[in-house]
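**Q** Dropping in structure_26.tsv, with TSV, C-alpha atoms (C1' of nucleotides) and all ligand atoms.
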```tsv
chain	number	residue	atom	x	y	z
A	1	MET	CA	19.53	21.31	47.80
A	2	PHE	CA	20.70	21.02	51.42
A	3	SER	CA	18.53	19.98	54.35
A	4	LYS	CA	17.26	22.78	56.54
A	5	THR	CA	19.47	21.42	59.29
A	6	CYS	CA	22.46	21.80	57.01
A	7	GLU	CA	21.51	25.33	56.02
A	8	TYR	CA	21.30	26.29	59.68
A	9	ALA	CA	24.61	24.57	60.34
A	10	ILE	CA	26.49	26.49	57.69
A	11	ARG	CA	24.98	29.80	58.70
A	12	ALA	CA	25.77	29.11	62.36
A	13	VAL	CA	29.40	28.30	61.68
A	14	LEU	CA	29.84	31.40	59.52
A	15	TYR	CA	28.25	33.42	62.29
A	16	ILE	CA	30.53	31.92	64.93
A	17	ALA	CA	33.54	32.53	62.71
A	18	GLN	CA	32.73	36.18	62.40
A	19	MET	CA	31.64	36.83	65.98
A	20	SER	CA	34.51	34.95	67.60
A	21	LYS	CA	37.30	36.21	65.41
A	22	ASN	CA	38.75	38.29	68.25
A	23	GLY	CA	38.69	35.50	70.77
A	24	ASP	CA	35.17	35.96	72.10
A	25	LYS	CA	32.81	33.07	72.58
A	26	VAL	CA	29.34	33.09	71.13
A	27	SER	CA	26.26	31.87	72.97
A	28	ILE	CA	23.49	29.79	71.46
A	29	LYS	CA	21.09	32.67	72.11
A	30	SER	CA	23.28	35.00	70.09
A	31	ILE	CA	23.67	32.49	67.29
A	32	SER	CA	19.98	31.74	67.21
A	33	LYS	CA	19.20	35.44	66.87
A	34	GLY	CA	22.07	36.09	64.52
A	35	ILE	CA	21.00	33.53	61.96
A	36	ASP	CA	17.27	33.47	62.71
A	37	SER	CA	16.93	29.82	63.70
A	38	PRO	CA	15.05	28.05	66.50
A	39	GLU	CA	17.21	28.19	69.61
A	40	HIS	CA	16.90	24.59	70.75
A	41	PHE	CA	17.28	23.25	67.28
A	42	ILE	CA	20.50	25.06	66.52
A	43	ALA	CA	21.74	23.91	69.93
A	44	LYS	CA	21.29	20.31	68.83
A	45	ILE	CA	23.00	20.93	65.55
A	46	LEU	CA	25.99	22.60	67.20
A	47	GLN	CA	26.24	19.68	69.61
A	48	GLU	CA	26.74	17.47	66.61
A	49	LEU	CA	29.23	19.80	64.93
A	50	SER	CA	31.11	20.03	68.20
A	51	LYS	CA	31.34	16.25	68.50
A	52	LYS	CA	32.75	16.12	65.00
A	53	GLY	CA	35.29	18.80	65.76
A	54	LEU	CA	33.91	21.40	63.36
A	55	VAL	CA	33.28	23.89	66.16
A	56	GLN	CA	34.63	24.21	69.68
A	57	SER	CA	32.69	25.03	72.83
A	58	LEU	CA	33.12	25.75	76.49
A	59	LYS	CA	30.44	25.40	79.16
A	60	GLY	CA	29.73	27.78	81.99
A	61	PRO	CA	29.84	31.54	82.42
A	62	THR	CA	31.78	33.25	79.66
A	63	GLY	CA	31.36	29.99	77.79
A	64	GLY	CA	30.00	29.54	74.30
A	65	PHE	CA	31.09	28.51	70.85
A	66	TYR	CA	34.22	29.44	68.99
A	67	LEU	CA	36.54	28.08	66.32
A	68	SER	CA	40.02	26.69	66.80
A	69	GLU	CA	42.67	27.67	64.30
A	70	GLN	CA	42.06	24.31	62.65
A	71	SER	CA	38.29	24.77	62.55
A	72	LYS	CA	38.67	28.13	60.88
A	73	LYS	CA	40.24	26.36	57.93
A	74	HIS	CA	37.41	23.91	57.48
A	75	SER	CA	35.44	24.15	54.27
A	76	LEU	CA	31.71	24.36	53.76
A	77	ALA	CA	31.98	20.92	52.21
A	78	ASP	CA	33.14	19.59	55.57
A	79	ILE	CA	29.98	20.94	57.19
A	80	VAL	CA	27.70	19.59	54.48
A	81	ARG	CA	29.36	16.20	54.74
A	82	ALA	CA	28.96	16.19	58.53
A	83	ILE	CA	25.25	16.94	58.38
A	84	ASP	CA	23.87	15.69	55.08
A	85	GLY	CA	26.46	13.07	54.22
A	86	GLU	CA	28.03	12.33	50.85
A	87	LYS	CA	24.88	11.94	48.81
A	88	ILE	CA	24.92	15.41	47.31
A	89	PHE	CA	28.55	14.98	46.22
A	90	THR	CA	28.40	11.47	44.84
A	91	GLY	CA	24.76	10.43	44.52
A	92	CYS	CA	22.75	10.04	41.35
A	93	GLY	CA	20.59	13.02	40.47
A	94	LEU	CA	17.67	10.74	39.69
A	95	GLY	CA	18.16	8.60	42.78
A	96	ILE	CA	18.97	5.30	41.14
A	97	GLY	CA	20.90	3.13	43.58
A	98	GLN	CA	24.34	4.34	42.67
A	99	CYS	CA	25.87	6.82	40.32
A	100	SER	CA	28.22	5.00	38.00
A	101	GLU	CA	29.75	5.26	34.58
A	102	GLU	CA	28.82	1.66	33.80
A	103	PHE	CA	25.11	2.11	34.40
A	104	PRO	CA	24.47	5.82	34.08
A	105	CYS	CA	21.07	7.42	34.44
A	106	PRO	CA	19.96	9.57	31.50
A	107	ILE	CA	21.25	12.83	32.93
A	108	HIS	CA	24.43	11.37	34.36
A	109	ASN	CA	26.97	13.27	32.28
A	110	ASP	CA	25.45	16.70	32.69
A	111	PHE	CA	24.57	16.16	36.30
A	112	LYS	CA	28.01	14.95	37.20
A	113	MET	CA	29.49	18.24	36.05
A	114	ILE	CA	27.09	20.34	38.09
A	115	ARG	CA	27.64	18.17	41.14
A	116	LYS	CA	31.36	18.66	40.66
A	117	LYS	CA	31.04	22.42	40.43
A	118	LEU	CA	28.99	22.46	43.59
A	119	PHE	CA	31.57	20.36	45.37
A	120	ASP	CA	34.43	22.56	44.16
A	121	LEU	CA	32.65	25.66	45.39
A	122	LEU	CA	32.01	24.19	48.80
A	123	GLN	CA	35.44	22.68	49.05
A	124	LYS	CA	37.33	25.84	48.19
A	125	THR	CA	35.23	28.00	50.50
A	126	LYS	CA	36.57	28.20	54.05
A	127	VAL	CA	34.40	29.13	56.97
A	128	ASN	CA	36.44	32.17	58.00
A	129	GLU	CA	36.63	33.87	54.65
A	130	PHE	CA	33.46	35.91	55.01
A	131	ASN	CA	34.25	37.57	58.35
A	132	ASN	CA	34.84	40.98	56.86
A	133	GLN	CA	31.96	40.92	54.42
A	134	LEU	CA	29.64	39.88	57.21
A	135	GLU	CA	30.91	42.59	59.49
A	136	MET	CA	30.58	45.24	56.82
A	137	GLN	CA	27.07	44.04	56.02
A	138	LEU	CA	27.99	43.13	52.49
A	139	ALA	CA	26.75	39.62	53.15
A	140	PHE	CA	23.91	38.38	55.34
A	141	LEU	CA	22.92	35.31	57.33
A	142	LYS	CA	19.27	36.07	57.79
A	143	LYS	CA	16.48	37.93	56.10
A	144	ASN	CA	15.88	40.68	58.61
A	145	HIS	CA	19.24	42.10	59.52
A	146	ASN	CA	18.33	45.03	61.80
B	1	MET	CA	19.07	17.73	45.54
B	2	PHE	CA	15.56	16.66	44.53
B	3	SER	CA	13.02	15.01	46.80
B	4	LYS	CA	12.64	11.27	46.43
B	5	THR	CA	9.16	11.92	45.10
B	6	CYS	CA	10.65	14.11	42.40
B	7	GLU	CA	13.31	11.55	41.51
B	8	TYR	CA	10.60	8.92	41.08
B	9	ALA	CA	8.55	11.37	39.05
B	10	ILE	CA	11.29	12.09	36.56
B	11	ARG	CA	12.21	8.45	36.19
B	12	ALA	CA	8.56	7.51	35.71
B	13	VAL	CA	8.01	10.08	32.99
B	14	LEU	CA	11.17	9.03	31.15
B	15	TYR	CA	10.00	5.44	31.42
B	16	ILE	CA	6.55	6.27	30.10
B	17	ALA	CA	8.10	8.27	27.26
B	18	GLN	CA	10.18	5.34	26.17
B	19	MET	CA	7.59	2.61	26.65
B	20	SER	CA	4.73	4.49	25.04
B	21	LYS	CA	6.57	5.88	22.07
B	22	ASN	CA	4.75	3.58	19.67
B	23	GLY	CA	1.32	4.41	21.03
B	24	ASP	CA	1.14	1.80	23.78
B	25	LYS	CA	-0.08	2.68	27.24
B	26	VAL	CA	1.94	1.81	30.30
B	27	SER	CA	0.46	0.43	33.51
B	28	ILE	CA	1.46	1.47	37.00
B	29	LYS	CA	2.69	-2.04	37.62
B	30	SER	CA	5.01	-1.81	34.65
B	31	ILE	CA	6.24	1.62	35.66
B	32	SER	CA	6.78	0.55	39.23
B	33	LYS	CA	8.89	-2.38	38.08
B	34	GLY	CA	10.62	-0.42	35.37
B	35	ILE	CA	11.93	2.27	37.68
B	36	ASP	CA	12.06	0.28	40.90
B	37	SER	CA	9.63	2.34	42.97
B	38	PRO	CA	6.80	1.44	45.36
B	39	GLU	CA	3.71	0.78	43.28
B	40	HIS	CA	1.18	2.74	45.30
B	41	PHE	CA	3.54	5.61	45.77
B	42	ILE	CA	4.29	6.10	42.11
B	43	ALA	CA	0.56	5.83	41.48
B	44	LYS	CA	-0.01	8.85	43.71
B	45	ILE	CA	2.76	10.78	42.03
B	46	LEU	CA	1.41	10.07	38.57
B	47	GLN	CA	-2.03	11.16	39.70
B	48	GLU	CA	-0.51	14.52	40.49
B	49	LEU	CA	1.42	14.73	37.24
B	50	SER	CA	-1.72	13.77	35.38
B	51	LYS	CA	-3.72	16.55	37.06
B	52	LYS	CA	-1.05	19.01	36.03
B	53	GLY	CA	-1.06	17.77	32.47
B	54	LEU	CA	2.48	16.40	32.45
B	55	VAL	CA	1.30	12.89	31.65
B	56	GLN	CA	-1.91	11.50	30.18
B	57	SER	CA	-3.87	8.48	31.34
B	58	LEU	CA	-6.80	6.33	30.50
B	59	LYS	CA	-8.70	4.03	32.86
B	60	GLY	CA	-9.94	0.55	32.17
B	61	PRO	CA	-8.65	-2.42	30.22
B	62	THR	CA	-5.88	-1.45	27.80
B	63	GLY	CA	-5.65	1.74	29.85
B	64	GLY	CA	-2.54	3.17	31.37
B	65	PHE	CA	-0.24	6.16	31.08
B	66	TYR	CA	1.13	7.79	27.97
B	67	LEU	CA	2.32	11.16	26.74
B	68	SER	CA	0.52	13.52	24.40
B	69	GLU	CA	2.57	15.22	21.72
B	70	GLN	CA	2.65	18.25	23.97
B	71	SER	CA	3.75	16.26	27.01
B	72	LYS	CA	6.63	14.77	25.07
B	73	LYS	CA	8.04	18.24	24.69
B	74	HIS	CA	7.96	19.01	28.39
B	75	SER	CA	11.28	19.53	30.11
B	76	LEU	CA	12.62	17.95	33.23
B	77	ALA	CA	12.38	21.41	34.78
B	78	ASP	CA	8.62	21.24	34.31
B	79	ILE	CA	8.49	18.04	36.32
B	80	VAL	CA	10.73	19.36	39.07
B	81	ARG	CA	8.63	22.50	39.30
B	82	ALA	CA	5.44	20.46	39.50
B	83	ILE	CA	6.70	18.31	42.35
B	84	ASP	CA	9.31	20.25	44.30
B	85	GLY	CA	8.34	23.77	43.38
B	86	GLU	CA	10.56	26.72	42.52
B	87	LYS	CA	12.86	26.60	45.52
B	88	ILE	CA	15.70	24.79	43.82
B	89	PHE	CA	15.66	27.25	40.92
B	90	THR	CA	15.32	30.49	42.84
B	91	GLY	CA	15.90	29.82	46.53
B	92	CYS	CA	18.94	30.77	48.58
B	93	GLY	CA	21.51	28.02	49.03
B	94	LEU	CA	21.79	28.79	52.71
B	95	GLY	CA	18.05	29.08	53.21
B	96	ILE	CA	17.81	32.70	54.22
B	97	GLY	CA	14.30	33.96	53.52
B	98	GLN	CA	14.91	35.05	49.98
B	99	CYS	CA	17.71	35.06	47.51
B	100	SER	CA	18.39	38.61	46.47
B	101	GLU	CA	21.15	40.81	45.12
B	102	GLU	CA	20.42	43.44	47.75
B	103	PHE	CA	20.90	41.16	50.73
B	104	PRO	CA	22.98	38.27	49.45
B	105	CYS	CA	24.13	35.40	51.60
B	106	PRO	CA	27.88	34.74	51.63
B	107	ILE	CA	27.82	32.19	48.83
B	108	HIS	CA	25.23	33.98	46.74
B	109	ASN	CA	27.33	34.73	43.67
B	110	ASP	CA	28.86	31.29	43.28
B	111	PHE	CA	25.66	29.52	44.18
B	112	LYS	CA	23.60	31.52	41.76
B	113	MET	CA	25.74	30.29	38.89
B	114	ILE	CA	25.43	26.65	39.85
B	115	ARG	CA	21.70	27.00	40.34
B	116	LYS	CA	21.52	28.52	36.88
B	117	LYS	CA	23.49	25.69	35.30
B	118	LEU	CA	21.19	23.18	36.94
B	119	PHE	CA	18.15	25.01	35.67
B	120	ASP	CA	19.57	25.26	32.16
B	121	LEU	CA	20.27	21.55	32.12
B	122	LEU	CA	16.77	20.66	33.27
B	123	GLN	CA	15.15	23.23	31.03
B	124	LYS	CA	16.89	22.11	27.87
B	125	THR	CA	16.31	18.43	28.52
B	126	LYS	CA	13.04	17.14	27.11
B	127	VAL	CA	11.38	14.02	28.42
B	128	ASN	CA	11.42	12.17	25.11
B	129	GLU	CA	15.04	12.65	24.22
B	130	PHE	CA	16.32	9.52	25.96
B	131	ASN	CA	14.00	7.00	24.32
B	132	ASN	CA	16.68	5.47	22.17
B	133	GLN	CA	19.39	5.42	24.80
B	134	LEU	CA	17.01	3.77	27.22
B	135	GLU	CA	15.96	1.20	24.68
B	136	MET	CA	19.54	0.39	23.76
B	137	GLN	CA	20.46	0.10	27.43
B	138	LEU	CA	22.92	2.93	27.20
B	139	ALA	CA	21.05	4.68	30.01
B	140	PHE	CA	19.21	3.24	33.01
B	141	LEU	CA	16.32	4.10	35.29
B	142	LYS	CA	17.07	1.67	38.08
B	143	LYS	CA	19.94	-0.11	39.67
B	144	ASN	CA	19.14	-3.66	38.72
B	145	HIS	CA	18.26	-3.68	35.06
B	146	ASN	CA	17.73	-7.36	34.32
C	1	DA	C1'	32.12	26.19	98.83
C	2	DT	C1'	28.19	28.27	96.62
C	3	DT	C1'	25.82	30.13	93.01
C	4	DA	C1'	25.09	31.39	88.38
C	5	DT	C1'	25.82	30.40	83.69
C	6	DA	C1'	25.87	27.98	79.42
C	7	DA	C1'	26.42	23.86	76.75
C	8	DA	C1'	25.49	18.63	76.67
C	9	DA	C1'	22.40	15.14	76.90
C	10	DG	C1'	18.16	13.00	76.88
C	11	DA	C1'	13.22	12.86	76.24
C	12	DT	C1'	9.19	14.26	73.84
C	13	DA	C1'	6.37	16.54	70.28
C	14	DT	C1'	5.13	18.18	65.77
C	15	DT	C1'	5.35	18.33	60.92
C	16	DT	C1'	6.55	16.65	56.54
C	17	DT	C1'	7.77	13.05	53.59
C	18	DT	C1'	7.31	8.60	52.10
C	19	DA	C1'	4.54	4.53	51.76
C	20	DT	C1'	0.44	1.50	51.93
C	21	DC	C1'	-4.33	0.10	51.83
C	22	DT	C1'	-9.26	0.50	50.48
C	23	DT	C1'	-13.02	2.20	47.80
C	24	DT	C1'	-14.72	4.48	43.72
C	25	DT	C1'	-14.96	5.69	38.89
C	26	DA	C1'	-14.12	5.23	34.02
C	27	DT	C1'	-13.40	2.23	30.20
C	28	DT	C1'	-13.22	-1.84	27.53
C	29	DA	C1'	-14.11	-6.57	26.21
C	30	DA	C1'	-17.01	-10.27	26.13
D	1	DT	C1'	-25.40	-5.32	29.95
D	2	DT	C1'	-22.08	-7.62	32.70
D	3	DA	C1'	-17.67	-8.56	34.21
D	4	DA	C1'	-12.98	-7.41	34.23
D	5	DT	C1'	-9.47	-4.00	34.22
D	6	DA	C1'	-6.84	-0.04	35.52
D	7	DA	C1'	-6.45	4.58	37.18
D	8	DA	C1'	-8.50	8.14	40.57
D	9	DA	C1'	-9.58	9.27	44.98
D	10	DG	C1'	-9.59	8.99	49.73
D	11	DA	C1'	-8.04	7.19	54.14
D	12	DT	C1'	-4.45	5.52	57.02
D	13	DA	C1'	0.29	4.33	58.46
D	14	DA	C1'	5.21	4.53	59.04
D	15	DA	C1'	9.43	6.91	58.90
D	16	DA	C1'	12.26	10.91	58.80
D	17	DA	C1'	13.02	15.72	59.54
D	18	DT	C1'	12.28	19.55	62.30
D	19	DA	C1'	11.34	21.59	66.70
D	20	DT	C1'	10.76	21.96	71.76
D	21	DC	C1'	11.25	20.93	76.61
D	22	DT	C1'	13.67	19.10	80.76
D	23	DT	C1'	17.56	17.50	83.28
D	24	DT	C1'	22.48	17.05	83.79
D	25	DT	C1'	27.28	18.44	83.57
D	26	DA	C1'	31.14	21.55	83.23
D	27	DT	C1'	32.99	26.02	84.20
D	28	DA	C1'	33.63	30.44	86.18
D	29	DA	C1'	32.68	34.18	89.29
D	30	DT	C1'	31.64	35.40	93.84
E	201	LIG	S1	23.95	7.75	37.43
E	201	LIG	FE1	22.60	9.41	37.71
E	201	LIG	S2	24.00	11.01	38.05
E	201	LIG	FE2	25.35	9.37	37.67
E	202	LIG	S1	21.07	34.94	48.84
E	202	LIG	FE1	21.86	32.96	49.18
E	202	LIG	S2	21.99	32.22	47.16
E	202	LIG	FE2	21.27	34.23	46.82
```
Written as structure tokens, how would this file's structure read?
Ligand code: FES
Ligand code: FES
**A**
Amino acid sequence: MFSKTCEYAIRAVLYIAQMSKNGDKVSIKSISKGIDSPEHFIAKILQELSKKGLVQSLKGPTGGFYLSEQSKKHSLADIVRAIDGEKIFTGCGLGIGQCSEEFPCPIHNDFKMIRKKLFDLLQKTKVNEFNNQLEMQLAFLKKNHN
Amino acid sequence: MFSKTCEYAIRAVLYIAQMSKNGDKVSIKSISKGIDSPEHFIAKILQELSKKGLVQSLKGPTGGFYLSEQSKKHSLADIVRAIDGEKIFTGCGLGIGQCSEEFPCPIHNDFKMIRKKLFDLLQKTKVNEFNNQLEMQLAFLKKNHN
DNA sequence: ATTATAAAAGATATTTTTATCTTTTATTAA
DNA sequence: TTAATAAAAGATAAAAATATCTTTTATAAT
């Protein structure tokens, strides 16, 4: 569905949202452990998200990642778009050049609806809306949550 | 959504279904042109589908690919499973080790429904059901259909 | 000012996916 | 039975995704 990079990205942002909700900053080490991803790889991904304004960061001691008020309101769709691009939202399910009504692939009509539902889900879901569930361990960002 | 390999695979099988419906066999060259895919690459993919019994083939002059009565009844889900595996049907949208009710990721409930709808679509869709649409150019398997 | 810290940036490596090329095998037609 | 045809099989290559390592820059604490 999403690239691995994108999966990491979403999980990282949700983790930052939860861990920084009281003004703390979150280190790459903490994120890497918190979502069970390779440390250097998630660092690269966050660099990219930071450039695109989806997360904020500060260097140096007491530094780390956090979310501005604006970033807290971003949707999962924004993250997916930043990492994987538009393809999943607008592309043809069978990979013919373009998805269009004029020259539809065989599954166009059904696929379009599913694609739309996926988009709606991601669009309506904001990155800060799971803070409590995550804290209360009703939702998880990695397999082994000990 | 699907790997490029899987997209080619589905398009190839739909193409074979349509082109072989009157008992003809379809060559790799024809398939490659018909779905706009690299010739050697689609050859490899069809080899795999052939091994798994999703398409039939015969070597030599007048040889080519075709579908047995059984293969005509296969679903798109069968093809996806053969090429991309189960992940898209059962895996977690955020890529945590496993999708489970006990340790759900934040989007588990919504994602599960979309995943299910996708599966249902692919499961109910049989490879021979587009023959007429394809023939009448009401559906397409490549961008430039001239 | 100096040192320690942590992210940014840049370089490199590995793995997987996608694609191509060559040789072999099966089948048919002549 | 020979030659031609077309897929199967195997080997290799190129590109993209994933992962790691090193150096630099910004910031804060001392
Ligand atoms: S053309 Fe394939 S999904 Fe629209
Ligand atoms: S745990 Fe993520 S989709 Fe089920």
**Q** Could you report the residues within 8 Å of ligand LIG 201 (chain E), using only C-alpha atoms (C1' of nucleotides) and all ligand atoms, as a list in words?
**A** Gly91, Cys92, Gly93, Leu94, Gly95, Ile96, Gln98, Cys99, Ser100, Glu101, Phe103, Pro104, Cys105, Pro106, Ile107, His108, Asn109, Asp110, Phe111 and Lys112 of chain A; Phe140 of chain B
**Q** Go through D:DT18, D:DT5, D:DT30, D:DT23 and flag the residue nearest chain A, using only C-alpha atoms (C1' of nucleotides) for the distances.
**A**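 Among the listed residues, the smallest separation from chain A belongs to D:DT18.
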**Q** Would you mind reading off the distance between CA of Ala82 (chain A) and CA of Glu69 (chain A), one decimal, in Å?
**A** 18.8 Å
**Q** Which residues are close to Ala9 (chain B), i.e. within 8 Å by only C-alpha atoms (C1' of nucleotides), leaving aside same-chain residues fewer than 3 positions away? Reply as a PyMOL selection string.
**A** chain B and resi 5-6+12-13+42+45-46+79+83
**Q** Could you state the separation of CA of Leu122 (chain A) and CA of Leu76 (chain A) in Å, given to one decimal place?
**A**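 Between CA of Leu122 (chain A) and CA of Leu76 (chain A) the gap works out to 5.0 Å.
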**Q** To one decimal place, how far is CA of Ser50 (chain B) from C1' of DT27 (chain C) in Å?
**A**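 About the pair CA of Ser50 (chain B) and C1' of DT27 (chain C): they are 17.2 Å apart.
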**Q** Pick out the closest residue to ligand LIG 202 (chain E) from this set: B:Arg11, B:Lys29, B:Lys116, B:Lys44. Count only C-alpha atoms and all ligand atoms.
**A**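 Of the candidates, the smallest distance to ligand LIG 202 (chain E) is held by B:Lys116.
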**Q** Measuring between all atoms listed in the file, which one of B:Ile114, B:Ser75, B:Asn128, B:Ile16 shows the shortest distance to ligand LIG 202 (chain E)?
**A** B:Ile114
**Q** Write out as a ChimeraX atom specification every residue belonging to chain A that has an atom at most 6 Å from any atom of chain C, counting only C-alpha atoms (C1' of nucleotides).
**A** /A:59-61
**Q** For chain D, which of A:Asn144, A:Gln18, A:Gln70, A:Ser57 is the closest residue, counting only C-alpha atoms (C1' of nucleotides)?
**A**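 The shortest atom-to-atom distance to chain D comes from A:Ser57.
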**Q** Which is closest to chain A among B:Lys143, B:Lys25, B:Lys73, B:Arg115, if we use all atoms listed in the file?
**A**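 Once distances to chain A are computed over all atoms listed in the file, the minimum belongs to B:Lys143.
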**Q** Kindly list the centre and edge lengths in Å, rounded to one decimal, for the axis-aligned box that covers all listed atoms of ligand LIG 202 (chain E) plus 3 Å on each of its six sides, as lines of an AutoDock Vina configuration file.
**A**
```
center_x = 21.5
center_y = 33.6
center_z = 48.0
size_x = 6.9
size_y = 8.7
size_z = 8.4
```
**Q** Find the residue from A:His40, A:His145, A:Arg81, A:Lys51 that sits nearest to chain B; use all atoms listed in the file when measuring.
**A**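 Among the listed residues, A:His145 lies closest to chain B.
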**Q** Should the cut-off be 7 Å, what would the residue list for chain D against chain A look like, counting only C-alpha atoms (C1' of nucleotides), as a PyMOL selection string?
**A** chain D and resi 19-20+26-28
**Q** Need to verify the contact set: Lys126 (chain A), 10 Å, only C-alpha atoms (C1' of nucleotides), exclusion of same-chain residues closer than 3 positions in sequence. Can you return it as a list in words?
**A** Leu14, Ser71, Lys72, Lys73, His74, Ser75, Leu76, Ala77, Asp78, Leu121, Leu122, Gln123, Glu129 and Phe130 of chain A
**Q** Chain A near ligand LIG 202 (chain E) within 12 Å: what's each residue's closest atom pair and its distance in Å to one decimal, counting only C-alpha atoms and all ligand atoms, ordered by chain then ascending residue number, as a tab-separated table?
**A**
```
residue	atom	partner	partner_atom	distance
A:Met1	CA	E:LIG202	S2	11.2
A:Glu7	CA	E:LIG202	FE1	10.3
A:Ile10	CA	E:LIG202	FE1	11.6
A:Arg11	CA	E:LIG202	FE1	10.5
A:Leu138	CA	E:LIG202	S1	11.3
A:Ala139	CA	E:LIG202	S1	8.5
A:Phe140	CA	E:LIG202	S1	7.9
A:Leu141	CA	E:LIG202	FE1	8.5
A:Lys142	CA	E:LIG202	S1	9.2
A:Lys143	CA	E:LIG202	S1	9.1
```
